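Beneath this line is the structure, given in structure tokens, with notes to follow.
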Amino acid sequence: MKTIPFIKMHGLGNDYVYIDCFPKAVAQYITTTDLAELARRVSDRHFGVGSDGLVLILPAEEADAEMRIFNADGSEAEMCGNAIRCVGKYLYESGLCRNTQQRIATRAGLRTLTLQVTDACVERVTVQMGAPTIRPCTIVCGADTIPYTAVDIGNPHAVFFREAVEQLPDNTNVEFVRVRNPKELDVRVIERGSGETLACGTGACASVVAAIAQGLTEREVIVHLQGGDLMIQWPDNAAAVQMTGSATEVFRGEYQLEA
């Protein structure tokens with residue numbers, strides 16, 4: 001292949017380049033290429049398409065599709081809440097899966113999507129994000145010992161209820177959270193492999209889980225991110241976290257594979 005078709009989509013500004021791997025020619029190319037290098041090239045905002053990473057939409061035997069996600073630095077992530085909403089939108093609107101209930105395989109396990117459709121267009125998507133694990137932690141910054149909450153919801157997250165911190169835990173995603181009131185949070189996100197992003201679905205979920213665990217919010221919370229808002233629900237401590245938000249297609253094109 002000399003070029004490969006792609007779709008540019010975003011969830012609240014958390015933007016990715018998506019490749020539909022259902023066609024045989026594309027699937028064959030994907031199995032023989034360096035996906036980390038491809039992710040780095042297409043994600044470059046000056047020399048590539050420009051994105052927070054690369055998402056592959058693949059056939060799956062026990063699900064409607066499989067999602068693989070690579071960060072802008074080429075590292076592979078387990079899960080992305082914003083990306084999986086876009087995958088659901090693409091599957092439905094392209095006709096690959098016309099179900100409004102979809103199951104998507106990820107490195108973090110199967111995730112169930114519920115699509116809200118108007119005039120054959122997917123307006124919003126609710127994702128069953130799975131049950132989180134949570135533990136209190138601390139990090140030493142100079143003379144200060146700063147508490148944070150470690151939350152794993154498919155991806156590992158470190159949630160800080162403060163404006164900034166000088167040193168960050170390795171190999172994790174970091175959220176800085178301000179509590180507006182028991183029903184609203186302001187969240188900024190630094191994603192491993194991509195840097196600060198306008199939104200992060202798993203990060204929004206992790207922030208709400210941490211806030212509930214500390215008695216700071218109710219169990220249904222609007223998370224205000226730089227790119228927009230997500231509705232997060234955690235019915236009880238044993239339940240799956242639910243995330244609802246938009247998914248937007250920006251444009252389609254062909255990426256040149258050869259120099």
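Scheme for the structure tokens: letters A, B, ... for chains in order shown; per-chain residue numbers from 1; ligand numbers from 1 in order shown.
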
- Message: Give me the residues near Gly50 of chain A as a list in words, where near means some atom within 9 Å (using only C-alpha atoms) and where sequence neighbours in that chain fewer than 4 positions away do not count.
- Response: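 Those residues are Asp15, Tyr16, Val17, Arg41, Val42, Ser43, Asp44, Arg45 and His46 of chain A.
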
Writer output for current selection, C-alpha atoms, as an mmCIF file, in the first residue's frame:
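Result went into result-v6.cif, see below:
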data_model
loop_
_atom_site.group_PDB
_atom_site.id
_atom_site.type_symbol
_atom_site.label_atom_id
_atom_site.label_comp_id
_atom_site.auth_asym_id
_atom_site.auth_seq_id
_atom_site.Cartn_x
_atom_site.Cartn_y
_atom_site.Cartn_z
ATOM 1 C CA ASP A 15 -8.257 13.736 19.066
ATOM 2 C CA TYR A 16 -7.027 10.579 17.355
ATOM 3 C CA VAL A 17 -6.335 9.279 13.876
ATOM 4 C CA ARG A 41 4.430 9.679 12.359
ATOM 5 C CA VAL A 42 0.694 10.270 11.977
ATOM 6 C CA SER A 43 0.406 11.965 15.398
ATOM 7 C CA ASP A 44 3.034 14.603 14.648
ATOM 8 C CA ARG A 45 1.180 17.916 14.468
ATOM 9 C CA HIS A 46 3.751 19.446 12.111
#

- Message: Among segment 48-175 of chain A, which residues does DSSP mark as strand (DSSP E) when it is run on the backbone? Keep the chain and numbering as in the structure and answer as a PyMOL selection string.
- Response: chain A and resi 53-58+65-71+76-77+101-106+109-118+121-128+133-141+144-152+156-160+173-175

- Message: Which residue is closest to Ala83 of chain A? Choose from A:Val127, A:Ile232, A:Ala27, A:Ile153 and count only C-alpha atoms.
- Response: A:Val127

- Query: If we count only C-alpha atoms, what is near segment 131-139 of chain A at a cut-off of 6 Å, once residues fewer than 4 positions away on the same chain are taken out, given as a PyMOL selection string?
  - Reply: chain A and resi 145-153+239-240

- Which is closest to Thr197 of chain A among A:Val159, A:Leu91, A:Cys21, A:Val174, if we use only C-alpha atoms? A:Val174

- Distance query segment 115-122 of chain A at most 7 Å, only C-alpha atoms, self and fewer than 2 positions along chain excluded, as a PyMOL selection string: chain A and resi 89+93+100-101+113+124-126

Any chance you could export the current selection's C-alpha atoms as a CSV table (one decimal), in the first residue's frame?
chain,number,residue,atom,x,y,z
A,89,LYS,CA,-19.9,6.2,16.4
A,93,GLU,CA,-22.5,5.4,10.9
A,100,THR,CA,-27.1,0.7,19.4
A,101,GLN,CA,-25.7,-1.7,22.0
A,113,LEU,CA,-21.5,1.0,24.6
A,124,ARG,CA,-23.8,10.7,22.4
A,125,VAL,CA,-22.4,7.5,23.7
A,126,THR,CA,-22.6,5.9,27.2

- Message: So that I can check the secondary structure, give me every residue of segment 5-235 of chain A assigned alpha helix (DSSP H) by backbone DSSP, as a ChimeraX atom specification.
- Response: /A:24-32,35-43,81-94,201-213

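Of note, atom CA of Ala206 of chain A and atom CA of Ala36 of chain A are spaced 26.5 Å apart.
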
- Message: Give me the residues near Ala199 of chain A as JSON, numbers by chain, where near means some atom within 7 Å (using only C-alpha atoms) and where sequence neighbours in that chain fewer than 4 positions away do not count.
- Response: {"A": [12, 13, 14, 189, 225, 226, 227]}

Using only C-alpha atoms, please write the residues we just selected to a file, as a short mmCIF file (atom, residue, chain, number, x, y, z; two decimals), in the first residue's frame.
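Wrote selection_30.cif, looks like this:
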data_model
loop_
_atom_site.label_atom_id
_atom_site.label_comp_id
_atom_site.auth_asym_id
_atom_site.auth_seq_id
_atom_site.Cartn_x
_atom_site.Cartn_y
_atom_site.Cartn_z
CA LEU A 12 -14.10 16.75 23.58
CA GLY A 13 -10.88 17.68 21.77
CA ASN A 14 -9.05 14.46 22.71
CA VAL A 189 -5.24 15.81 32.47
CA LEU A 225 -12.53 19.36 31.04
CA GLN A 226 -10.77 21.86 28.81
CA GLY A 227 -12.48 20.35 25.75
#

Using only C-alpha atoms, I'd like a table of the residues in segment 129-221 of chain A that come within 10 Å of segment 51-56 of chain A; for each, show the closest atom pair and its distance in Å rounded to one decimal, ordered by chain and ascending number, as a Markdown table.
| residue | atom | partner | partner_atom | distance |
| --- | --- | --- | --- | --- |
| A:Glu191 | CA | A:Asp52 | CA | 9.3 |
| A:Gly193 | CA | A:Asp52 | CA | 8.7 |
| A:Ser194 | CA | A:Asp52 | CA | 5.8 |
| A:Gly195 | CA | A:Asp52 | CA | 8.5 |
| A:Glu196 | CA | A:Asp52 | CA | 9.4 |
| A:Thr197 | CA | A:Asp52 | CA | 7.5 |
| A:Leu198 | CA | A:Asp52 | CA | 9.7 |

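Of the listed residues (A:Ala238, A:Ile69, A:Leu58, A:Val49), A:Leu58 comes nearest to Asp20 of chain A; the distances count only C-alpha atoms.
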